[in-house]
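Participant: Quick one: the structure is below, and I'll ask about it shortly.
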Amino acid sequence: VSVLVYDQTCAAEKRRRRKQGLLAKPVRHVFINPEVCEGCGDCGVVSNCTAIVPLETALGRKRAIDQDACNADFSCVEGFCPSFVTVELESVPISLPKVHEEFVGPQPTIPALARPFNILVTGVGGSGVITVGALLGMAAHLDGKAISVLDMTGMSQKNGAVTSHIRIADDSTHLRGQRISAGETDLLLAYDMITAGDPEVIARINAERTTAIVNPFEQPTGAFAQDRDWSFPRHELEALLRTAVGNRYTAFDSTALAESLFDNVQSGNLILLGYAFQLGHIPLRAEALKRAIELNGVAVAENLQAFSAGRRAALVPVKILDPAAPAVSMPEDLEACLKRLTARLCAYQSPRYARRLRTLADAVKRAEASFDKDFALTRAVAEGYHQLLAYKDEYEVARLFAGEEFRQRVAAAFKAPSKMHFHLAPPILARRDAHGRPRKTEFGAWVMPLFRRLQHFKFLRGTPFDIFGYTAERRLERRLSEAYRVSIETALRHLTAENYPQAVELASVVRDIRGYGHVKLAALREVLPRWQASERALGFATVDIELPALSAPLDPGSPRLTPLRPG
């Protein structure tokens with residue numbers, strides 16, 4: 001066979017059909033346990049999926065699944081990480097709007113059409129840009145106006161840029177071109193900040209003419225799937241747009257309001273449209289827009305309510321509360337940080353084990369007291385040493401799955417969870433691929449009792465009776481924490497005001513050692529030269545770690561394990 005052609009409906013198209021009610025919604029969904037997740041990004045690398053979104057935690061950036069954007073092809077589960085769980089639902093829950101009242105309020109002043117009114121709508125695939133263009137086209141027809149709509153879809157399936165050039169006039173003779181010319185945009189309706197900051201969009205903005213209404217929701221791009229450390233450039237984009245439109249810039253998070261009111265993000269496009277309409281930036285009547293929504297025939301009741309919700313938000317500032325979000329507080333001070341990390345190590349192993357962190361952190365704090373009162377070095381050492389001490393072995397993964405917090409997270413994410421499936425590569429039992437790497441296997445909910453029992457055997461960790469501790473990976477992890485302690489203690493003896501920044505860099509470099517198995521080993525291969533270079537910059541060299549090939553799960557000839565307890 002030279003060529004094999006396989007024709008099937010792509011996952012993105014299936015997701016669209018599910019939204020339209022043309023295809024049954026899946027009863028199986030992917031969930032990531034953030035406590036088990038290391039934030040290594042391997043799931044994004046293997047799946048290249050934009051439904052994997054960042055989740056900022058006290059321990060750094062983890063991963064989560066955007067259920068509204070998920071195509072349910074389960075390719076992310078192949079990432080070498082035990083944090084993935086597939087959840088089966090007893091029935092597909094029906095999302096009911098939480099608001100039912102019709103809009104009651106003043107009618108906005110509709111812009112005059114002495115010249116064509118140009119609306120440039122920007123967003124990413126799936127955000128409703130083309131839908132808004134279609135609704136405005138029908139509403140203009142019902143209102144007796146002339147309109148042209150030019151959609152530029154691009155690579156919309158992978159969160160690519162989508163723009164819609166919408167031109168409205170009293171007479172079709174005034175519409176001599178479909179594309180909005182440079183500097184002739186009257187309204188920039190941006191569902192995504194990155195697409196709004198595109199040079200092609202900025203070129204069509206006029207500081208004396210254009211009004212920008214922007215949704216500041218931080219939608220990850222395809223770059224995040226391949227770059228685990230990619231950050232949303234919100235401040236840069238906001239500065240660019242404010243400069244481009246002057247004082248005519250308004251930010252309104254329609255995505256957050258849609259999640260708060262409707263438990264989904266799809267309604268955000270109609271909310272932002274209603275918001276812009278009530279502010280007097282849409283030259284059409286409300287009756288025509290509502291009739292267009294009805295004629296569209298998709299989620300009519302919810303879309304009408306979303307349009308009304310946007311109008312109300314333009315009149316009364318909306319405070320969006322996320323009950324799952326932590327309360328806003330002052331930045332965590334050093335002592336609170338040390339107590340939090342110490343408590344985690346107590347739960348991980350024991351108070352005696354946690355004293356390792358406290359002892360090293362106190363020594364660093366005393367050494368840097370005369371250099372930096374913010375104690376940046378102590379904080380970096382505490383976070384780095386904690387990460388190396390709390391390596392996620394079989395006992396820890398079992399504990400994090402057996403805990404009440406995991407069950408609460410699943411219950412909060414899914415209305416009617418019935419079955420759970422875990423995707424694991426247990427040592428010894430895991431099958432191997434062509435490269436000798438362990439392959440994940442799906443396990444049913446019967447492993448939960450095993451998790452609950454296994455977590456109580458953490459006292460074996462690091463002793464000769466720890467059967468998991470003889471793997472090359474576990475021996476390397478113990479070696480890393482010891483090497484880090486020696487490296488930091490040596491750095492303190494060389495610490496000066498001049499090399500203080502280099503010491504902070506040395507303390508922070510190990511934060512990039514993330515993942516499991518071969519993924520973690522690959523990260524270490526990248527970090528180790530930087531670690532050694534940081535030591536040389538401080539005038540010493542202590543790190544000498546031989547990186548093993550993690551192909552064999554057990555090494556019977558390994559030396560006796562180093563006990564965790566001092567002495």
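For the structure tokens, the naming scheme is as follows: chains receive sequential letters (A, B, ...) according to their order of presentation, residues are indexed from 1 within each chain, and ligands are indexed from 1 in presentation order.
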So that I can see what lies close to Val201 in chain A, please list as number ranges by chain the residues with an atom at most 12 Å from it, counting only C-alpha atoms and leaving out residues fewer than 6 positions away in the same chain.
Facilitator: A: 119-123, 152, 161-165, 179-185, 187-190, 193-195, 210, 212, 240-241, 244-245
Participant: Once you have the residues from the selection above, write them out as a CSV table (one decimal), in the first residue's frame, restricted to N, CA and C atoms.
Facilitator:
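Final output, part-v4.csv:
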```csv
chain,number,residue,atom,x,y,z
A,119,ILE,N,-18.1,47.8,11.2
A,119,ILE,CA,-17.9,47.0,12.4
A,119,ILE,C,-16.9,45.9,12.0
A,120,LEU,N,-15.8,45.9,12.8
A,120,LEU,CA,-14.8,44.8,12.6
A,120,LEU,C,-14.9,43.9,13.8
A,121,VAL,N,-15.3,42.7,13.6
A,121,VAL,CA,-15.4,41.7,14.7
A,121,VAL,C,-14.2,40.7,14.6
A,122,THR,N,-13.5,40.5,15.7
A,122,THR,CA,-12.4,39.6,15.7
A,122,THR,C,-12.6,38.6,16.8
A,123,GLY,N,-12.0,37.5,16.6
A,123,GLY,CA,-12.0,36.4,17.6
A,123,GLY,C,-11.3,35.2,17.1
A,152,MET,N,-13.4,36.3,7.3
A,152,MET,CA,-12.0,35.8,7.1
A,152,MET,C,-11.8,34.7,8.2
A,161,ALA,N,-7.1,32.9,14.1
A,161,ALA,CA,-7.8,34.1,14.0
A,161,ALA,C,-9.0,34.1,13.0
A,162,VAL,N,-10.1,34.7,13.5
A,162,VAL,CA,-11.3,34.8,12.6
A,162,VAL,C,-11.7,36.3,12.7
A,163,THR,N,-11.9,36.9,11.5
A,163,THR,CA,-12.4,38.3,11.5
A,163,THR,C,-13.6,38.4,10.6
A,164,SER,N,-14.4,39.4,10.9
A,164,SER,CA,-15.6,39.6,10.1
A,164,SER,C,-15.7,41.1,9.8
A,165,HIS,N,-15.7,41.5,8.5
A,165,HIS,CA,-15.8,42.9,8.1
A,165,HIS,C,-17.3,43.1,7.8
A,179,ARG,N,-14.4,44.8,2.2
A,179,ARG,CA,-13.4,44.9,3.2
A,179,ARG,C,-13.3,46.3,3.7
A,180,ILE,N,-13.2,46.4,5.0
A,180,ILE,CA,-13.0,47.8,5.7
A,180,ILE,C,-11.6,48.3,5.4
A,181,SER,N,-11.6,49.5,4.9
A,181,SER,CA,-10.3,50.1,4.5
A,181,SER,C,-9.5,50.6,5.7
A,182,ALA,N,-8.3,50.9,5.5
A,182,ALA,CA,-7.4,51.4,6.6
A,182,ALA,C,-8.0,52.6,7.3
A,183,GLY,N,-8.1,52.6,8.6
A,183,GLY,CA,-8.5,53.7,9.4
A,183,GLY,C,-10.0,54.0,9.3
A,184,GLU,N,-10.8,53.1,8.8
A,184,GLU,CA,-12.2,53.4,8.6
A,184,GLU,C,-13.2,52.5,9.5
A,185,THR,N,-12.6,51.9,10.5
A,185,THR,CA,-13.4,51.1,11.4
A,185,THR,C,-14.1,52.0,12.4
A,187,LEU,N,-16.5,50.6,14.8
A,187,LEU,CA,-16.5,49.7,16.0
A,187,LEU,C,-15.7,48.5,15.9
A,188,LEU,N,-14.7,48.3,16.8
A,188,LEU,CA,-14.0,47.1,16.9
A,188,LEU,C,-14.6,46.3,18.0
A,189,LEU,N,-15.2,45.2,17.6
A,189,LEU,CA,-15.9,44.3,18.6
A,189,LEU,C,-15.0,43.0,18.7
A,190,ALA,N,-14.2,43.0,19.8
A,190,ALA,CA,-13.1,42.0,19.9
A,190,ALA,C,-13.5,41.0,20.9
A,193,MET,N,-8.3,39.3,22.6
A,193,MET,CA,-7.4,40.4,22.6
A,193,MET,C,-6.2,40.2,21.6
A,194,ILE,N,-5.8,38.9,21.4
A,194,ILE,CA,-4.6,38.7,20.5
A,194,ILE,C,-5.0,39.0,19.1
A,195,THR,N,-6.2,38.5,18.7
A,195,THR,CA,-6.6,38.8,17.3
A,195,THR,C,-6.9,40.3,17.1
A,210,THR,N,-12.6,55.3,15.8
A,210,THR,CA,-12.9,53.9,16.2
A,210,THR,C,-13.2,53.8,17.7
A,212,ALA,N,-13.5,50.8,20.6
A,212,ALA,CA,-13.1,49.4,20.8
A,212,ALA,C,-13.8,48.8,22.0
A,240,LEU,N,-1.4,48.5,23.5
A,240,LEU,CA,-1.4,48.7,22.1
A,240,LEU,C,-2.8,49.1,21.6
A,241,LEU,N,-3.8,48.5,22.2
A,241,LEU,CA,-5.2,48.9,21.7
A,241,LEU,C,-5.6,50.2,22.3
A,244,ALA,N,-4.1,52.8,20.2
A,244,ALA,CA,-4.7,52.8,18.8
A,244,ALA,C,-6.0,53.6,18.8
A,245,VAL,N,-6.8,53.4,19.8
A,245,VAL,CA,-8.2,54.0,19.8
A,245,VAL,C,-8.3,55.2,20.8
```
Participant: As number ranges by chain, please: the residues near Ala398 in chain A (cut-off 8 Å, only C-alpha atoms, same-chain neighbours under 4 positions excluded).
Facilitator: A: 394, 402, 450-452, 454-455
Participant: For C-alpha atoms, I'd like the residues from the last selection saved as a tab-separated table (two decimals), in the first residue's frame.
Facilitator:
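Wrote it out as selection02.tsv, contents follow:
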```tsv
chain	number	residue	atom	x	y	z
A	394	GLU	CA	3.32	5.82	43.63
A	402	ALA	CA	-7.69	9.05	47.42
A	450	LEU	CA	-6.03	0.31	46.03
A	451	PHE	CA	-5.12	4.01	46.17
A	452	ARG	CA	-6.65	4.32	49.63
A	454	LEU	CA	-1.35	2.30	49.09
A	455	GLN	CA	-1.22	5.85	50.49
```
Participant: Identify which of the residues A:Ser231, A:Ala288, A:Ile65, A:Gly268 lies closest to Ala140 in chain A, counting only C-alpha atoms when measuring atom-to-atom distances.
Facilitator: A:Ala288
Participant: Any chance you could list, as a PyMOL selection string, the residues in range 424-494 of chain A that come up alpha helix (DSSP H) when DSSP is run on the backbone?
Facilitator: chain A and resi 447-454+472-493
Participant: Can those selected residues be exported to a file as a compact mmCIF listing (two decimals), in the first residue's frame so that it contains N, CA, C and O atoms?
Facilitator:
```txt
# COMPACT_ATOMS: atom_id res chain seq x y z
N VAL A 447 -9.46 0.73 41.11
CA VAL A 447 -8.15 1.09 41.66
C VAL A 447 -8.28 2.07 42.83
O VAL A 447 -7.31 2.28 43.56
N MET A 448 -9.45 2.69 43.02
CA MET A 448 -9.60 3.63 44.12
C MET A 448 -9.37 2.98 45.48
O MET A 448 -8.65 3.54 46.33
N PRO A 449 -9.94 1.80 45.77
CA PRO A 449 -9.59 1.14 47.04
C PRO A 449 -8.10 0.84 47.16
O PRO A 449 -7.53 0.92 48.26
N LEU A 450 -7.48 0.54 46.02
CA LEU A 450 -6.03 0.31 46.03
C LEU A 450 -5.28 1.59 46.39
O LEU A 450 -4.31 1.57 47.15
N PHE A 451 -5.73 2.72 45.83
CA PHE A 451 -5.12 4.01 46.17
C PHE A 451 -5.24 4.28 47.67
O PHE A 451 -4.28 4.73 48.31
N ARG A 452 -6.42 4.03 48.21
CA ARG A 452 -6.65 4.32 49.63
C ARG A 452 -5.75 3.48 50.53
O ARG A 452 -5.34 3.94 51.60
N ARG A 453 -5.45 2.26 50.10
CA ARG A 453 -4.56 1.42 50.90
C ARG A 453 -3.09 1.79 50.67
O ARG A 453 -2.31 1.85 51.62
N LEU A 454 -2.74 2.03 49.42
CA LEU A 454 -1.35 2.30 49.09
C LEU A 454 -0.83 3.56 49.75
O LEU A 454 0.34 3.64 50.15
N ALA A 472 15.14 3.35 38.54
CA ALA A 472 16.13 4.38 38.23
C ALA A 472 15.56 5.78 38.45
O ALA A 472 16.26 6.69 38.89
N GLU A 473 14.28 5.94 38.15
CA GLU A 473 13.65 7.26 38.31
C GLU A 473 13.61 7.68 39.77
O GLU A 473 13.94 8.83 40.10
N ARG A 474 13.21 6.79 40.66
CA ARG A 474 13.13 7.15 42.07
C ARG A 474 14.51 7.41 42.66
O ARG A 474 14.69 8.32 43.48
N ARG A 475 15.50 6.62 42.28
CA ARG A 475 16.86 6.86 42.79
C ARG A 475 17.39 8.20 42.32
O ARG A 475 18.06 8.93 43.07
N LEU A 476 17.07 8.57 41.07
CA LEU A 476 17.49 9.86 40.56
C LEU A 476 16.82 10.99 41.32
O LEU A 476 17.46 12.01 41.64
N GLU A 477 15.55 10.84 41.64
CA GLU A 477 14.83 11.90 42.35
C GLU A 477 15.41 12.13 43.74
O GLU A 477 15.53 13.27 44.19
N ARG A 478 15.78 11.08 44.43
CA ARG A 478 16.42 11.25 45.74
C ARG A 478 17.79 11.91 45.60
O ARG A 478 18.18 12.75 46.41
N ARG A 479 18.48 11.55 44.54
CA ARG A 479 19.80 12.15 44.30
C ARG A 479 19.68 13.64 44.00
O ARG A 479 20.51 14.44 44.42
N LEU A 480 18.63 14.02 43.31
CA LEU A 480 18.45 15.43 42.95
C LEU A 480 18.25 16.30 44.19
O LEU A 480 18.83 17.39 44.29
N SER A 481 17.39 15.87 45.11
CA SER A 481 17.14 16.69 46.29
C SER A 481 18.40 16.85 47.13
O SER A 481 18.67 17.93 47.67
N GLU A 482 19.21 15.79 47.22
CA GLU A 482 20.46 15.89 47.98
C GLU A 482 21.46 16.80 47.28
O GLU A 482 22.14 17.62 47.91
N ALA A 483 21.55 16.68 45.95
CA ALA A 483 22.47 17.53 45.19
C ALA A 483 22.06 19.00 45.30
O ALA A 483 22.93 19.89 45.38
N TYR A 484 20.76 19.26 45.33
CA TYR A 484 20.29 20.64 45.44
C TYR A 484 20.65 21.22 46.80
O TYR A 484 21.10 22.38 46.89
N ARG A 485 20.48 20.44 47.85
CA ARG A 485 20.83 20.93 49.19
C ARG A 485 22.31 21.28 49.27
O ARG A 485 22.69 22.36 49.76
N VAL A 486 23.17 20.42 48.75
CA VAL A 486 24.62 20.67 48.77
C VAL A 486 24.94 21.90 47.93
O VAL A 486 25.77 22.74 48.32
N SER A 487 24.28 22.04 46.79
CA SER A 487 24.54 23.18 45.91
C SER A 487 24.17 24.49 46.59
O SER A 487 24.93 25.48 46.52
N ILE A 488 23.03 24.54 47.27
CA ILE A 488 22.61 25.77 47.94
C ILE A 488 23.51 26.09 49.13
O ILE A 488 23.91 27.25 49.33
N GLU A 489 23.86 25.09 49.92
CA GLU A 489 24.74 25.33 51.07
C GLU A 489 26.10 25.84 50.62
O GLU A 489 26.69 26.71 51.27
N THR A 490 26.60 25.33 49.51
CA THR A 490 27.87 25.82 48.97
C THR A 490 27.73 27.24 48.46
O THR A 490 28.62 28.09 48.64
N ALA A 491 26.61 27.53 47.83
CA ALA A 491 26.38 28.88 47.31
C ALA A 491 26.34 29.91 48.44
O ALA A 491 26.80 31.06 48.26
N LEU A 492 25.82 29.53 49.59
CA LEU A 492 25.76 30.47 50.72
C LEU A 492 27.15 30.88 51.17
O LEU A 492 27.36 32.02 51.62
N ARG A 493 28.11 29.98 51.06
CA ARG A 493 29.49 30.31 51.46
C ARG A 493 30.15 31.26 50.47
O ARG A 493 31.15 31.89 50.80
```
Participant: Which residues are close to Leu338 in chain A, i.e. within 10 Å by only C-alpha atoms, leaving aside same-chain residues fewer than 2 positions away? Reply as a PyMOL selection string.
Facilitator: chain A and resi 332-336+340-344+357-358+361-362+378-379+382-383+386
Participant: List as a short mmCIF file (atom, residue, chain, number, x, y, z; two decimals) with N, CA, C and O atoms, in the first residue's frame the protein and nucleic acid residues near Arg16 in chain A, meaning an atom at most 12 Å away when only C-alpha atoms are counted, but skip any in the same chain fewer than 3 places from it.
Facilitator:
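Below is the file that was written, result_26.cif:
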```cif
data_model
loop_
_atom_site.label_atom_id
_atom_site.label_comp_id
_atom_site.auth_asym_id
_atom_site.auth_seq_id
_atom_site.Cartn_x
_atom_site.Cartn_y
_atom_site.Cartn_z
N THR A 9 -15.38 12.38 9.89
CA THR A 9 -15.68 13.72 10.39
C THR A 9 -14.65 14.10 11.44
O THR A 9 -14.39 13.34 12.38
N CYS A 10 -14.04 15.27 11.29
CA CYS A 10 -13.00 15.68 12.23
C CYS A 10 -13.61 16.02 13.59
O CYS A 10 -14.81 16.30 13.71
N ALA A 11 -12.78 16.01 14.62
CA ALA A 11 -13.25 16.23 15.98
C ALA A 11 -13.85 17.62 16.16
O ALA A 11 -14.83 17.80 16.88
N ALA A 12 -13.25 18.62 15.49
CA ALA A 12 -13.77 19.98 15.63
C ALA A 12 -15.17 20.10 15.03
O ALA A 12 -16.04 20.77 15.57
N GLU A 13 -15.39 19.43 13.90
CA GLU A 13 -16.71 19.46 13.28
C GLU A 13 -17.73 18.73 14.14
O GLU A 13 -18.89 19.15 14.24
N LYS A 19 -23.00 21.12 19.45
CA LYS A 19 -23.56 22.39 19.89
C LYS A 19 -24.88 22.68 19.18
O LYS A 19 -25.79 23.28 19.77
N GLN A 20 -24.99 22.26 17.92
CA GLN A 20 -26.20 22.52 17.14
C GLN A 20 -27.28 21.47 17.37
O GLN A 20 -28.36 21.55 16.78
N GLY A 21 -26.98 20.46 18.19
CA GLY A 21 -27.95 19.41 18.45
C GLY A 21 -28.06 18.38 17.34
O GLY A 21 -28.99 17.59 17.31
N LEU A 22 -27.10 18.37 16.40
CA LEU A 22 -27.13 17.43 15.29
C LEU A 22 -26.40 16.14 15.61
O LEU A 22 -26.47 15.17 14.84
N LEU A 23 -25.70 16.12 16.72
CA LEU A 23 -24.94 14.94 17.12
C LEU A 23 -25.06 14.77 18.63
O LEU A 23 -25.04 15.77 19.36
N ALA A 24 -25.18 13.55 19.07
CA ALA A 24 -25.33 13.31 20.51
C ALA A 24 -24.10 13.77 21.27
O ALA A 24 -22.97 13.57 20.82
N LYS A 25 -24.33 14.38 22.41
CA LYS A 25 -23.22 14.83 23.23
C LYS A 25 -22.55 13.64 23.92
O LYS A 25 -23.23 12.68 24.32
N ASP A 68 -15.87 23.26 27.39
CA ASP A 68 -16.64 23.83 26.28
C ASP A 68 -15.89 23.75 24.96
O ASP A 68 -16.50 23.72 23.90
N ALA A 69 -14.55 23.73 25.02
CA ALA A 69 -13.75 23.68 23.80
C ALA A 69 -13.27 22.28 23.48
O ALA A 69 -12.71 22.05 22.40
N CYS A 70 -13.49 21.33 24.38
CA CYS A 70 -12.96 19.98 24.20
C CYS A 70 -13.67 19.26 23.05
O CYS A 70 -14.90 19.27 22.97
N ASN A 71 -12.89 18.65 22.17
CA ASN A 71 -13.44 17.90 21.05
C ASN A 71 -13.73 16.45 21.40
O ASN A 71 -14.23 15.70 20.56
N ALA A 72 -13.37 16.03 22.61
CA ALA A 72 -13.63 14.66 23.09
C ALA A 72 -12.97 13.60 22.21
O ALA A 72 -13.55 12.53 21.99
N GLY A 125 -11.55 30.77 16.35
CA GLY A 125 -12.51 29.77 15.92
C GLY A 125 -13.35 29.26 17.07
O GLY A 125 -12.82 28.85 18.09
N GLY A 126 -14.65 29.31 16.91
CA GLY A 126 -15.56 28.83 17.95
C GLY A 126 -16.07 29.90 18.89
O GLY A 126 -16.90 29.63 19.75
N SER A 127 -15.60 31.15 18.74
CA SER A 127 -16.04 32.21 19.65
C SER A 127 -17.29 32.92 19.17
O SER A 127 -17.80 33.82 19.85
N GLY A 128 -17.80 32.58 17.98
CA GLY A 128 -19.06 33.15 17.52
C GLY A 128 -18.92 34.35 16.63
O GLY A 128 -19.90 35.09 16.43
N GLN A 157 -9.98 26.10 13.20
CA GLN A 157 -10.13 24.87 13.97
C GLN A 157 -9.14 24.79 15.12
O GLN A 157 -9.35 24.06 16.07
N GLN A 266 -20.30 29.80 25.34
CA GLN A 266 -20.81 30.08 24.01
C GLN A 266 -21.68 31.33 23.97
O GLN A 266 -21.75 32.01 22.94
N VAL A 298 -31.11 28.58 16.72
CA VAL A 298 -30.18 27.82 17.57
C VAL A 298 -30.20 28.40 18.97
O VAL A 298 -29.89 29.58 19.16
#
```
Participant: When you count only C-alpha atoms, which of these residues is closest to Gln387 in chain A: A:Ile513, A:Ala276, A:Cys81, A:Val30?
Facilitator: A:Ile513
Participant: Which residue, A:Ile166, A:Leu279, A:Val510, A:Ala301, has the smallest gap to Leu389 in chain A when you use only C-alpha atoms?
Facilitator: A:Val510
Participant: Write out as a JSON list (two decimals) with N, CA, C and O atoms, in the first residue's frame the set of residues from range 119-187 of chain A that DSSP, computed on the backbone, places in strand (DSSP E or B).
Facilitator:
```json
[["chain", "number", "residue", "atom", "x", "y", "z"],
["A", 119, "ILE", "N", -18.12, 47.81, 11.15],
["A", 119, "ILE", "CA", -17.88, 47.03, 12.36],
["A", 119, "ILE", "C", -16.88, 45.93, 12.04],
["A", 119, "ILE", "O", -17.11, 45.12, 11.13],
["A", 120, "LEU", "N", -15.79, 45.88, 12.77],
["A", 120, "LEU", "CA", -14.78, 44.84, 12.60],
["A", 120, "LEU", "C", -14.85, 43.92, 13.81],
["A", 120, "LEU", "O", -14.58, 44.33, 14.94],
["A", 121, "VAL", "N", -15.27, 42.67, 13.58],
["A", 121, "VAL", "CA", -15.41, 41.69, 14.66],
["A", 121, "VAL", "C", -14.22, 40.74, 14.59],
["A", 121, "VAL", "O", -13.91, 40.20, 13.52],
["A", 122, "THR", "N", -13.54, 40.53, 15.71],
["A", 122, "THR", "CA", -12.39, 39.65, 15.73],
["A", 122, "THR", "C", -12.56, 38.61, 16.84],
["A", 122, "THR", "O", -13.21, 38.85, 17.85],
["A", 123, "GLY", "N", -11.95, 37.47, 16.64],
["A", 123, "GLY", "CA", -11.99, 36.41, 17.64],
["A", 123, "GLY", "C", -11.25, 35.19, 17.14],
["A", 123, "GLY", "O", -10.49, 35.26, 16.17],
["A", 124, "VAL", "N", -11.47, 34.06, 17.81],
["A", 124, "VAL", "CA", -10.85, 32.81, 17.40],
["A", 124, "VAL", "C", -11.95, 31.85, 16.99],
["A", 124, "VAL", "O", -13.13, 32.08, 17.24],
["A", 146, "ALA", "N", -28.90, 48.27, 4.07],
["A", 146, "ALA", "CA", -27.98, 47.53, 3.21],
["A", 146, "ALA", "C", -26.79, 47.09, 4.04],
["A", 146, "ALA", "O", -26.32, 47.83, 4.92],
["A", 147, "ILE", "N", -26.29, 45.88, 3.79],
["A", 147, "ILE", "CA", -25.19, 45.37, 4.59],
["A", 147, "ILE", "C", -24.33, 44.43, 3.75],
["A", 147, "ILE", "O", -24.83, 43.74, 2.85],
["A", 148, "SER", "N", -23.04, 44.43, 4.03],
["A", 148, "SER", "CA", -22.13, 43.44, 3.45],
["A", 148, "SER", "C", -21.34, 42.82, 4.59],
["A", 148, "SER", "O", -20.94, 43.51, 5.54],
["A", 149, "VAL", "N", -21.15, 41.51, 4.52],
["A", 149, "VAL", "CA", -20.44, 40.76, 5.56],
["A", 149, "VAL", "C", -19.36, 39.94, 4.88],
["A", 149, "VAL", "O", -19.66, 39.10, 4.02],
["A", 150, "LEU", "N", -18.11, 40.18, 5.27],
["A", 150, "LEU", "CA", -16.98, 39.43, 4.71],
["A", 150, "LEU", "C", -16.27, 38.72, 5.86],
["A", 150, "LEU", "O", -15.69, 39.36, 6.74],
["A", 151, "ASP", "N", -16.35, 37.40, 5.86],
["A", 151, "ASP", "CA", -15.72, 36.59, 6.91],
["A", 151, "ASP", "C", -14.36, 36.10, 6.45],
["A", 151, "ASP", "O", -14.21, 35.59, 5.34],
["A", 152, "MET", "N", -13.37, 36.26, 7.33],
["A", 152, "MET", "CA", -12.02, 35.75, 7.10],
["A", 152, "MET", "C", -11.77, 34.69, 8.16],
["A", 152, "MET", "O", -11.47, 35.01, 9.31],
["A", 161, "ALA", "N", -7.11, 32.86, 14.07],
["A", 161, "ALA", "CA", -7.81, 34.14, 14.00],
["A", 161, "ALA", "C", -8.99, 34.06, 13.03],
["A", 161, "ALA", "O", -8.91, 33.49, 11.95],
["A", 162, "VAL", "N", -10.11, 34.66, 13.45],
["A", 162, "VAL", "CA", -11.30, 34.80, 12.61],
["A", 162, "VAL", "C", -11.74, 36.26, 12.69],
["A", 162, "VAL", "O", -11.87, 36.81, 13.78],
["A", 163, "THR", "N", -11.94, 36.88, 11.55],
["A", 163, "THR", "CA", -12.40, 38.27, 11.52],
["A", 163, "THR", "C", -13.60, 38.38, 10.59],
["A", 163, "THR", "O", -13.77, 37.59, 9.66],
["A", 164, "SER", "N", -14.43, 39.36, 10.89],
["A", 164, "SER", "CA", -15.60, 39.60, 10.06],
["A", 164, "SER", "C", -15.70, 41.10, 9.79],
["A", 164, "SER", "O", -15.76, 41.90, 10.73],
["A", 165, "HIS", "N", -15.67, 41.47, 8.50],
["A", 165, "HIS", "CA", -15.83, 42.87, 8.08],
["A", 165, "HIS", "C", -17.31, 43.11, 7.81],
["A", 165, "HIS", "O", -17.87, 42.54, 6.86],
["A", 166, "ILE", "N", -17.94, 43.94, 8.62],
["A", 166, "ILE", "CA", -19.38, 44.20, 8.50],
["A", 166, "ILE", "C", -19.59, 45.68, 8.18],
["A", 166, "ILE", "O", -19.14, 46.55, 8.96],
["A", 167, "ARG", "N", -20.25, 45.96, 7.07],
["A", 167, "ARG", "CA", -20.50, 47.34, 6.66],
["A", 167, "ARG", "C", -22.01, 47.53, 6.49],
["A", 167, "ARG", "O", -22.66, 46.78, 5.77],
["A", 168, "ILE", "N", -22.55, 48.54, 7.18],
["A", 168, "ILE", "CA", -23.99, 48.81, 7.17],
["A", 168, "ILE", "C", -24.23, 50.21, 6.61],
["A", 168, "ILE", "O", -23.55, 51.17, 7.00],
["A", 169, "ALA", "N", -25.20, 50.34, 5.71],
["A", 169, "ALA", "CA", -25.52, 51.65, 5.10],
["A", 169, "ALA", "C", -27.02, 51.72, 4.82],
["A", 169, "ALA", "O", -27.73, 50.70, 4.82],
["A", 187, "LEU", "N", -16.46, 50.56, 14.82],
["A", 187, "LEU", "CA", -16.54, 49.75, 16.03],
["A", 187, "LEU", "C", -15.66, 48.52, 15.88],
["A", 187, "LEU", "O", -15.81, 47.75, 14.93]]
```
Participant: Extract, using only C-alpha atoms, all DNA, RNA and protein residues at most 10 Å from Val46 in chain A, discarding same-chain residues fewer than 5 positions from it, and format them as a ChimeraX atom specification.
Facilitator: /A:41,75-80,225-226
Participant: For the selection you just gave me, I'd like the residues written to a file as a PDB file, in the first residue's frame, keeping C-alpha atoms.
Facilitator:
```
ATOM      1  CA  GLY A  41       3.059  20.244  29.025  1.00  0.00           C
ATOM      2  CA  SER A  75      -5.683  12.495  22.452  1.00  0.00           C
ATOM      3  CA  CYS A  76      -4.440  14.470  25.473  1.00  0.00           C
ATOM      4  CA  VAL A  77      -4.800  11.361  27.636  1.00  0.00           C
ATOM      5  CA  GLU A  78      -1.762   9.939  25.822  1.00  0.00           C
ATOM      6  CA  GLY A  79       0.448  12.482  27.583  1.00  0.00           C
ATOM      7  CA  PHE A  80       2.752  10.621  29.977  1.00  0.00           C
ATOM      8  CA  ALA A 225       0.085  23.541  23.494  1.00  0.00           C
ATOM      9  CA  GLN A 226       3.744  23.333  22.531  1.00  0.00           C
TER      10      GLN A 226
END
```
Participant: Using only C-alpha atoms, pick whichever of A:Asp227, A:Val1, A:Pro283, A:Arg176 has the shortest atom-to-atom distance to Val53 in chain A.
Facilitator: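 With only C-alpha atoms as the atom set, the closest residue is A:Asp227.
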Participant: How many Å separate CA of Ala292 in chain A from CA of Leu135 in chain A?
Facilitator: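 Distance reported for this atom pair: 5.6 Å.
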Participant: Using only C-alpha atoms, find the one residue out of A:Ser47, A:Asn206, A:Thr496, A:Gln349 that sits nearest to Ala369 in chain A.
Facilitator: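 Distance minimum relative to Ala369 in chain A lands on A:Thr496.
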